[in-house]
Amino acid sequence: MKFSEFEYKRPNYNEIKEVFKEKVSNIEKSFTYEEQKKHIDDLNVIRNNIESMSTIASIRHSINTEDEIYDKENIYWDEYSPLFEELNSLFYKAIVNSKFKKDIISDYGRQFYKIVEYSLKSFSSEIIQELQEENKLCSEYTKLLSTAKINFEGEERNLSGLGSFMLSKDRSMREKASKAYYGYFEDNEDKFDEVFDKLVKVRSKIADKLGFKNFVEVGYIRMMRTDYNSDMVSNFRKQVLNYIVPLANELYNRQEKRLNLDKLTYIDENFEFMSGNAVPKGSPEYIIENGKKMYSELSKETKEFFEFMLENELMDLVTKKGKAAGGYCTYIPNYKSPFIFSNFNQTSDDIDVLTHEAGHAFQLYMSRDIEMPEINFPTFESCEIHSMSMEFITWPWMELFFKEDTEKYKFTHMSAAIKFIPYGVLVDEFQHYIYENPNMDKNERKSIWRKLEKKYLPHKNYEGCDFLERGTWWFKQGHIFKNPFYYIDYTLAQICSLQFWKKIRENKDETWNDYLNICKVGGRKSFLEIVEIGNLKSPFEDGCVESVINNIQDWLNSVDDTRL
């Protein structure tokens, strides 16, 4: 069935509430585990339907934020998702109080049980109003981005529509496009500040009501970090500072020389070569056709997966008026279907979407036997291993998309992976500061951001842009607003994906099997367990970062980037 044919029917909360409570009561009254498991399965049909309706509405709203029908549905879900979460908490209590704990763990896994415990810790009926407020503020932020209307080069464009101009070979065009892009954020600075300030306050209130010291603790529990803590993350950040920041600085220096610049500034950062960045050599249709060829040759599993996505129209890839910014992959349990959303903009990002988001979707496709909604996806840092590793696993097919620019793309892709990690840990440390000190004013927050940029991204040069010099770059980072503490996940996963890059060059078949295994397991295991299943080193382990970086430095040094 095609996505356009997927049925959407707004769930009637009051009707569901009564049935839900009855099913939970049946779970609680069960005399045997067999009886209890049947009642759990019955309830999962209802829970998966709620999840499916919420996801379909969310996808259709993000495809066209100006669609009045799904705008209303988005408002409905902002208000009602915390109430459905309250119902879920009844199910979680029944699980935690079950006489058959060993059987539940045997069937659904220890990770599922931990997720249930963590879900109860991060939720209370007392915080429903605050959760509704948080949802509404996140939607307000999304709308602030998606409704951007910028008159540029004779046309009205959204933020994504400026992407290709910001990568122009003509430096004056890059400067003009960058000023238009960041000008939108500057014009709306007070709105971004206000939304974020309200988010920090409402989240701090949630933490207080739940009995935590601050929202950092709630953030870690929400992220289901069942086998590592903030001290381990802090130690990882130190490894990044010691081993990756110096290599990233070398790469920025090489870029400056390639571009014949006296100094690299913010308008040049994403522009890699005087001859222009590597771009796909064809239309969106061309990209999809070659994506089909790539996945059909990679493995029988990826061939079947990609054909399923195409046949059922489970990808909406091209940027258009009213479409929400960014890209994502999500899952619709009723149809056992992943869905990929993106905004193609004629840059190499279009190919990264086809590999990154498809990595997420492939994991979901390989573990679609899982009926328990909490473990369709693993936790986020594990999810990102699938997506980021797929980017590197598909390197042998990049010639299909980039032709003569393939080596240029690979050098840029690897450089970007290294440059990203310091930025990722900066975002993480920033969020720790913010939620440990929730009463900071807007100027103090910006000052902290700029201070951390100087620590992790010492190359940053905002010459000619006082707005960014004041520490406002983070306004465009949606995760900081909508998904607090979801960012270190990318950096942990990037270290794992770079291990896959190293391993697949040494033993292709063995490495592909390791990758398949971590996809099949879905969310049944924790992050460090998935790392072990993939035969990877834990990023928290001393020496892990250093060992990966040495190989990458050798590869980067083997490329003569001056001739690309």
# chains A, B, ... in the order shown; residues from 1 in each chain; ligands from 1

call {"tool": "residues_around", "arguments": {"residues": "segment 448-464 of chain A", "least_positions_apart": "6", "cutoff": "10 Å", "atoms": "only C-alpha atoms", "output": "ChimeraX atom specification"}}
result
/A:175,179,237,240-241,244-246,248-250,252-253,263-269,419-427,429-431,433-434,440,470-474

call {"tool": "write_last_selection", "arguments": {"atoms": "N, CA and C atoms", "output": "compact mmCIF listing (two decimals), in the first residue's frame"}}
result
# COMPACT_ATOMS: atom_id res chain seq x y z
N GLU A 175 28.54 34.99 0.29
CA GLU A 175 28.38 36.01 1.33
C GLU A 175 26.95 36.56 1.34
N LYS A 179 24.29 35.98 4.35
CA LYS A 179 23.70 37.13 5.05
C LYS A 179 22.17 37.06 5.01
N ARG A 237 34.22 13.58 25.79
CA ARG A 237 34.47 14.92 25.28
C ARG A 237 35.95 15.30 25.40
N VAL A 240 37.84 13.75 22.59
CA VAL A 240 37.61 14.53 21.37
C VAL A 240 38.50 15.77 21.35
N LEU A 241 38.56 16.47 22.48
CA LEU A 241 39.38 17.68 22.59
C LEU A 241 40.85 17.36 22.31
N ILE A 244 40.71 14.81 18.32
CA ILE A 244 39.98 15.15 17.10
C ILE A 244 40.05 16.64 16.78
N VAL A 245 39.99 17.49 17.80
CA VAL A 245 40.07 18.94 17.55
C VAL A 245 41.35 19.30 16.78
N PRO A 246 42.53 18.75 17.16
CA PRO A 246 43.75 19.08 16.38
C PRO A 246 43.65 18.66 14.91
N ALA A 248 40.86 18.25 13.15
CA ALA A 248 39.88 19.13 12.51
C ALA A 248 40.53 20.47 12.15
N ASN A 249 41.36 20.99 13.04
CA ASN A 249 42.06 22.26 12.76
C ASN A 249 42.97 22.13 11.55
N GLU A 250 43.67 20.99 11.44
CA GLU A 250 44.52 20.73 10.26
C GLU A 250 43.68 20.78 8.99
N TYR A 252 40.82 22.38 8.48
CA TYR A 252 40.42 23.76 8.17
C TYR A 252 41.59 24.54 7.56
N ASN A 253 42.81 24.27 8.04
CA ASN A 253 44.01 24.92 7.47
C ASN A 253 44.21 24.51 6.02
N LYS A 263 42.15 34.11 5.32
CA LYS A 263 41.52 33.47 6.48
C LYS A 263 40.15 32.94 6.09
N LEU A 264 39.86 31.77 6.62
CA LEU A 264 38.58 31.10 6.38
C LEU A 264 37.53 31.74 7.30
N THR A 265 36.40 32.17 6.74
CA THR A 265 35.35 32.74 7.59
C THR A 265 34.10 31.87 7.49
N TYR A 266 33.08 32.27 8.23
CA TYR A 266 31.85 31.45 8.31
C TYR A 266 31.20 31.25 6.95
N ILE A 267 31.40 32.16 6.01
CA ILE A 267 30.77 31.99 4.70
C ILE A 267 31.50 30.95 3.84
N ASP A 268 32.72 30.57 4.26
CA ASP A 268 33.53 29.64 3.47
C ASP A 268 33.54 28.22 4.03
N GLU A 269 33.12 28.08 5.28
CA GLU A 269 33.30 26.81 6.00
C GLU A 269 32.79 25.59 5.24
N LYS A 419 35.25 16.96 11.25
CA LYS A 419 34.92 18.32 11.68
C LYS A 419 33.64 18.35 12.53
N PHE A 420 32.74 17.41 12.24
CA PHE A 420 31.47 17.42 12.95
C PHE A 420 31.62 17.07 14.44
N ILE A 421 32.50 16.14 14.74
CA ILE A 421 32.56 15.61 16.11
C ILE A 421 32.82 16.71 17.15
N PRO A 422 33.79 17.62 16.95
CA PRO A 422 33.95 18.71 17.93
C PRO A 422 32.69 19.57 18.07
N TYR A 423 32.00 19.80 16.95
CA TYR A 423 30.75 20.57 17.02
C TYR A 423 29.71 19.81 17.84
N GLY A 424 29.63 18.51 17.63
CA GLY A 424 28.66 17.69 18.36
C GLY A 424 28.88 17.71 19.86
N VAL A 425 30.14 17.64 20.29
CA VAL A 425 30.40 17.66 21.74
C VAL A 425 30.20 19.07 22.31
N LEU A 426 30.40 20.09 21.47
CA LEU A 426 30.11 21.47 21.87
C LEU A 426 28.62 21.60 22.21
N VAL A 427 27.75 21.12 21.31
CA VAL A 427 26.31 21.18 21.54
C VAL A 427 25.97 20.48 22.85
N GLU A 429 27.95 19.89 25.55
CA GLU A 429 28.43 20.63 26.72
C GLU A 429 27.59 21.89 26.95
N PHE A 430 27.17 22.54 25.86
CA PHE A 430 26.31 23.72 25.95
C PHE A 430 25.01 23.38 26.68
N GLN A 431 24.43 22.24 26.31
CA GLN A 431 23.15 21.86 26.93
C GLN A 431 23.33 21.54 28.42
N TYR A 433 25.48 23.04 30.39
CA TYR A 433 25.53 24.38 31.01
C TYR A 433 24.14 24.98 31.17
N ILE A 434 23.36 24.90 30.08
CA ILE A 434 22.03 25.54 30.04
C ILE A 434 21.13 24.98 31.14
N MET A 440 20.00 31.41 33.65
CA MET A 440 20.84 32.30 32.83
C MET A 440 19.95 33.11 31.89
N ARG A 470 28.11 37.13 18.40
CA ARG A 470 27.51 37.21 19.73
C ARG A 470 27.12 35.84 20.28
N GLY A 471 27.26 34.78 19.43
CA GLY A 471 26.98 33.43 19.91
C GLY A 471 25.56 32.97 19.64
N THR A 472 25.13 33.06 18.38
CA THR A 472 23.75 32.71 18.02
C THR A 472 23.65 31.59 16.99
N TRP A 473 24.78 31.02 16.60
CA TRP A 473 24.79 29.96 15.58
C TRP A 473 23.78 28.86 15.91
N TRP A 474 23.61 28.59 17.19
CA TRP A 474 22.79 27.45 17.65
C TRP A 474 21.30 27.64 17.40

call {"tool": "residues_around", "arguments": {"residues": "segment 188-195 of chain A", "least_positions_apart": "4", "cutoff": "7 Å", "atoms": "only C-alpha atoms", "output": "PyMOL selection string"}}
result
chain A and resi 137+141+184+199+442+475

call {"tool": "write_last_selection", "arguments": {"atoms": "C-alpha atoms", "output": "short mmCIF file (atom, residue, chain, number, x, y, z; two decimals), in the first residue's frame"}}
result
data_model
loop_
_atom_site.label_atom_id
_atom_site.label_comp_id
_atom_site.auth_asym_id
_atom_site.auth_seq_id
_atom_site.Cartn_x
_atom_site.Cartn_y
_atom_site.Cartn_z
CA LEU A 137 6.81 25.45 21.95
CA TYR A 141 10.07 26.60 16.70
CA TYR A 184 16.29 35.68 8.92
CA LEU A 199 11.49 25.69 26.83
CA LYS A 442 19.65 35.10 26.86
CA PHE A 475 19.44 29.05 16.74
#

call {"tool": "select_by_dssp", "arguments": {"residues": "segment 120-278 of chain A", "states": "alpha helix (DSSP H)", "output": "number ranges by chain"}}
result
A: 120-121, 128-146, 171-187, 189-210, 215-222, 230-239, 245-258

call {"tool": "closest_residue", "arguments": {"among": "A:Asp369, A:Glu133, A:Glu374, A:Asp405", "to": "Asn48 of chain A", "atoms": "only C-alpha atoms"}}
result
A:Glu374

call {"tool": "select_by_dssp", "arguments": {"residues": "segment 331-471 of chain A", "states": "strand (DSSP E)", "output": "MDAnalysis selection string"}}
result
chainID A and resid 331:332 337:344

call {"tool": "residues_around", "arguments": {"residues": "segment 201-214 of chain A", "least_positions_apart": "6", "cutoff": "9 Å", "atoms": "only C-alpha atoms", "output": "list in words"}}
result
Lys121, Ser122, Phe123, Ser124, Glu126, Ile127, Glu130, Leu131, Glu133, Glu134, Tyr435, Glu436, Asn437, Pro438 and Asn439 of chain A

call {"tool": "write_last_selection", "arguments": {"atoms": "N, CA and C atoms", "output": "compact mmCIF listing (two decimals), in the first residue's frame"}}
result
# COMPACT_ATOMS: atom_id res chain seq x y z
N LYS A 121 10.05 6.84 35.40
CA LYS A 121 10.82 7.87 36.12
C LYS A 121 10.65 9.26 35.50
N SER A 122 10.45 9.31 34.18
CA SER A 122 10.43 10.61 33.49
C SER A 122 9.01 11.12 33.25
N PHE A 123 8.01 10.42 33.82
CA PHE A 123 6.63 10.85 33.60
C PHE A 123 5.82 10.82 34.88
N SER A 124 4.92 11.80 34.99
CA SER A 124 3.94 11.82 36.07
C SER A 124 2.74 12.59 35.55
N GLU A 126 1.26 14.72 36.95
CA GLU A 126 1.41 16.10 37.41
C GLU A 126 2.09 17.00 36.38
N ILE A 127 2.77 16.40 35.40
CA ILE A 127 3.51 17.23 34.44
C ILE A 127 2.84 17.29 33.07
N GLU A 130 2.77 20.73 31.57
CA GLU A 130 4.11 21.17 31.14
C GLU A 130 4.52 20.47 29.85
N LEU A 131 4.18 19.19 29.71
CA LEU A 131 4.51 18.45 28.48
C LEU A 131 3.75 19.03 27.29
N GLU A 133 2.77 22.12 27.01
CA GLU A 133 3.43 23.40 26.74
C GLU A 133 4.74 23.18 25.98
N GLU A 134 5.50 22.18 26.37
CA GLU A 134 6.77 21.85 25.70
C GLU A 134 6.51 21.50 24.23
N TYR A 435 21.06 23.64 31.21
CA TYR A 435 20.09 23.03 32.13
C TYR A 435 20.62 22.88 33.56
N GLU A 436 21.93 23.04 33.72
CA GLU A 436 22.47 23.11 35.09
C GLU A 436 22.31 24.52 35.65
N ASN A 437 22.12 25.50 34.74
CA ASN A 437 21.97 26.91 35.14
C ASN A 437 20.77 27.51 34.42
N PRO A 438 19.56 27.02 34.73
CA PRO A 438 18.37 27.40 33.95
C PRO A 438 17.97 28.86 34.06
N ASN A 439 18.54 29.58 35.02
CA ASN A 439 18.15 30.98 35.18
C ASN A 439 19.07 31.96 34.43

call {"tool": "residues_around", "arguments": {"residues": "Tyr13 of chain A", "least_positions_apart": "5", "cutoff": "12 Å", "atoms": "only C-alpha atoms", "output": "list in words"}}
result
Glu18, Val19, Phe20, Lys21, Ile46, Ile50, Tyr76, Trp77, Glu79, Tyr80, Ser81, Pro82, Leu83, Phe84, Glu85, Glu86 and Leu87 of chain A

call {"tool": "closest_atom_pairs", "arguments": {"of": "segment 206-287 of chain A", "to": "segment 520-543 of chain A", "cutoff": "9 Å", "atoms": "only C-alpha atoms", "output": "CSV"}}
result
residue,atom,partner,partner_atom,distance
A:Met224,CA,A:Ser526,CA,8.8
A:Arg225,CA,A:Phe527,CA,8.0
A:Thr226,CA,A:Ser526,CA,6.8
A:Asp227,CA,A:Leu528,CA,6.9
A:Tyr228,CA,A:Leu528,CA,8.4
A:Met232,CA,A:Phe540,CA,6.3
A:Val233,CA,A:Phe540,CA,7.3
A:Asn235,CA,A:Phe540,CA,7.2
A:Phe236,CA,A:Phe540,CA,5.6
A:Gln239,CA,A:Asp542,CA,7.9

call {"tool": "write_last_selection", "arguments": {"atoms": "N, CA and C atoms", "output": "PDB file, in the first residue's frame"}}
result
ATOM      1  N   MET A 224      16.939   7.422  27.455  1.00  0.00           N
ATOM      2  CA  MET A 224      17.061   5.987  27.748  1.00  0.00           C
ATOM      3  C   MET A 224      18.517   5.529  27.788  1.00  0.00           C
ATOM      4  N   ARG A 225      19.361   6.345  28.407  1.00  0.00           N
ATOM      5  CA  ARG A 225      20.777   5.981  28.535  1.00  0.00           C
ATOM      6  C   ARG A 225      20.934   5.006  29.700  1.00  0.00           C
ATOM      7  N   THR A 226      20.717   3.746  29.384  1.00  0.00           N
ATOM      8  CA  THR A 226      20.637   2.724  30.431  1.00  0.00           C
ATOM      9  C   THR A 226      21.999   2.169  30.837  1.00  0.00           C
ATOM     10  N   ASP A 227      23.042   2.456  30.051  1.00  0.00           N
ATOM     11  CA  ASP A 227      24.333   1.841  30.405  1.00  0.00           C
ATOM     12  C   ASP A 227      25.514   2.811  30.351  1.00  0.00           C
ATOM     13  N   TYR A 228      25.234   4.127  30.381  1.00  0.00           N
ATOM     14  CA  TYR A 228      26.326   5.095  30.552  1.00  0.00           C
ATOM     15  C   TYR A 228      25.763   6.373  31.159  1.00  0.00           C
ATOM     16  N   MET A 232      30.855   9.562  31.984  1.00  0.00           N
ATOM     17  CA  MET A 232      31.444   8.855  30.842  1.00  0.00           C
ATOM     18  C   MET A 232      31.417   9.744  29.603  1.00  0.00           C
ATOM     19  N   VAL A 233      30.334  10.501  29.439  1.00  0.00           N
ATOM     20  CA  VAL A 233      30.217  11.426  28.311  1.00  0.00           C
ATOM     21  C   VAL A 233      31.269  12.529  28.423  1.00  0.00           C
ATOM     22  N   ASN A 235      34.161  12.340  29.857  1.00  0.00           N
ATOM     23  CA  ASN A 235      35.455  11.744  29.525  1.00  0.00           C
ATOM     24  C   ASN A 235      35.619  11.597  28.014  1.00  0.00           C
ATOM     25  N   PHE A 236      34.515  11.253  27.328  1.00  0.00           N
ATOM     26  CA  PHE A 236      34.548  11.158  25.863  1.00  0.00           C
ATOM     27  C   PHE A 236      34.846  12.528  25.249  1.00  0.00           C
ATOM     28  N   GLN A 239      38.475  13.188  25.234  1.00  0.00           N
ATOM     29  CA  GLN A 239      39.179  12.477  24.152  1.00  0.00           C
ATOM     30  C   GLN A 239      39.043  13.239  22.828  1.00  0.00           C
TER      31      GLN A 239
END

call {"tool": "residues_around", "arguments": {"residues": "Glu22 of chain A", "least_positions_apart": "2", "cutoff": "12 Å", "atoms": "only C-alpha atoms", "output": "ChimeraX atom specification"}}
result
/A:15-20,24-29,39-40,42-43,46,87,90-91

call {"tool": "residues_around", "arguments": {"residues": "Gln255 of chain A", "least_positions_apart": "3", "cutoff": "8 Å", "atoms": "only C-alpha atoms", "output": "compact mmCIF listing (two decimals) with C-alpha atoms, in the first residue's frame"}}
result
# COMPACT_ATOMS: atom_id res chain seq x y z
CA LEU A 251 41.61 20.15 7.88
CA TYR A 252 40.42 23.76 8.17
CA ARG A 258 42.94 25.19 -1.16
CA LEU A 259 40.65 28.22 -1.38
CA LEU A 264 38.58 31.10 6.38
CA GLU A 272 35.58 23.03 0.12
CA PHE A 273 37.10 23.56 -3.35

call {"tool": "closest_residue", "arguments": {"among": "A:Pro284, A:Gly163, A:Gly359, A:Pro11", "to": "Lys176 of chain A", "atoms": "only C-alpha atoms"}}
result
A:Gly163

call {"tool": "closest_atom_pairs", "arguments": {"of": "segment 285-328 of chain A", "to": "segment 55-71 of chain A", "cutoff": "8 Å", "atoms": "only C-alpha atoms", "output": "CSV"}}
result
residue,atom,partner,partner_atom,distance
A:Asp316,CA,A:Ile63,CA,7.5
A:Lys321,CA,A:Asn64,CA,7.7
A:Gly322,CA,A:Asn64,CA,5.1
A:Lys323,CA,A:Asn64,CA,4.7
A:Ala324,CA,A:Ser62,CA,4.9

call {"tool": "write_last_selection", "arguments": {"atoms": "N, CA and C atoms", "output": "mmCIF file, in the first residue's frame"}}
result
data_model
loop_
_atom_site.group_PDB
_atom_site.id
_atom_site.type_symbol
_atom_site.label_atom_id
_atom_site.label_comp_id
_atom_site.auth_asym_id
_atom_site.auth_seq_id
_atom_site.Cartn_x
_atom_site.Cartn_y
_atom_site.Cartn_z
ATOM 1 N N ASP A 316 9.679 11.154 0.812
ATOM 2 C CA ASP A 316 9.324 12.471 0.281
ATOM 3 C C ASP A 316 10.594 13.302 0.382
ATOM 4 N N LYS A 321 7.459 24.430 -1.324
ATOM 5 C CA LYS A 321 6.832 25.487 -0.529
ATOM 6 C C LYS A 321 6.045 24.877 0.642
ATOM 7 N N GLY A 322 6.254 25.433 1.835
ATOM 8 C CA GLY A 322 5.494 25.000 3.008
ATOM 9 C C GLY A 322 6.003 23.751 3.686
ATOM 10 N N LYS A 323 7.052 23.150 3.111
ATOM 11 C CA LYS A 323 7.581 21.910 3.685
ATOM 12 C C LYS A 323 8.471 22.238 4.888
ATOM 13 N N ALA A 324 8.375 21.421 5.939
ATOM 14 C CA ALA A 324 9.216 21.632 7.125
ATOM 15 C C ALA A 324 10.676 21.439 6.752
#

call {"tool": "atom_distance", "arguments": {"atom1": "atom CA of Leu298 of chain A", "atom2": "atom CA of Phe362 of chain A"}}
result
12.4 Å

call {"tool": "atom_distance", "arguments": {"atom1": "atom CA of Phe467 of chain A", "atom2": "atom CA of Phe196 of chain A"}}
result
17.2 Å

call {"tool": "closest_atom_pairs", "arguments": {"of": "segment 146-190 of chain A", "to": "segment 276-283 of chain A", "cutoff": "12 Å", "atoms": "only C-alpha atoms", "output": "CSV"}}
result
residue,atom,partner,partner_atom,distance
A:Ser164,CA,A:Val279,CA,9.8
A:Phe165,CA,A:Gly276,CA,11.5
A:Met166,CA,A:Asn277,CA,11.1
A:Leu167,CA,A:Asn277,CA,7.3
A:Ser168,CA,A:Gly276,CA,7.1
A:Lys169,CA,A:Gly276,CA,5.4
A:Asp170,CA,A:Gly276,CA,9.2
A:Arg171,CA,A:Gly276,CA,10.9
A:Arg174,CA,A:Gly276,CA,11.7

call {"tool": "closest_residue", "arguments": {"among": "A:Leu364, A:Leu247, A:Val218, A:Ala417", "to": "Phe392 of chain A", "atoms": "only C-alpha atoms"}}
result
A:Ala417
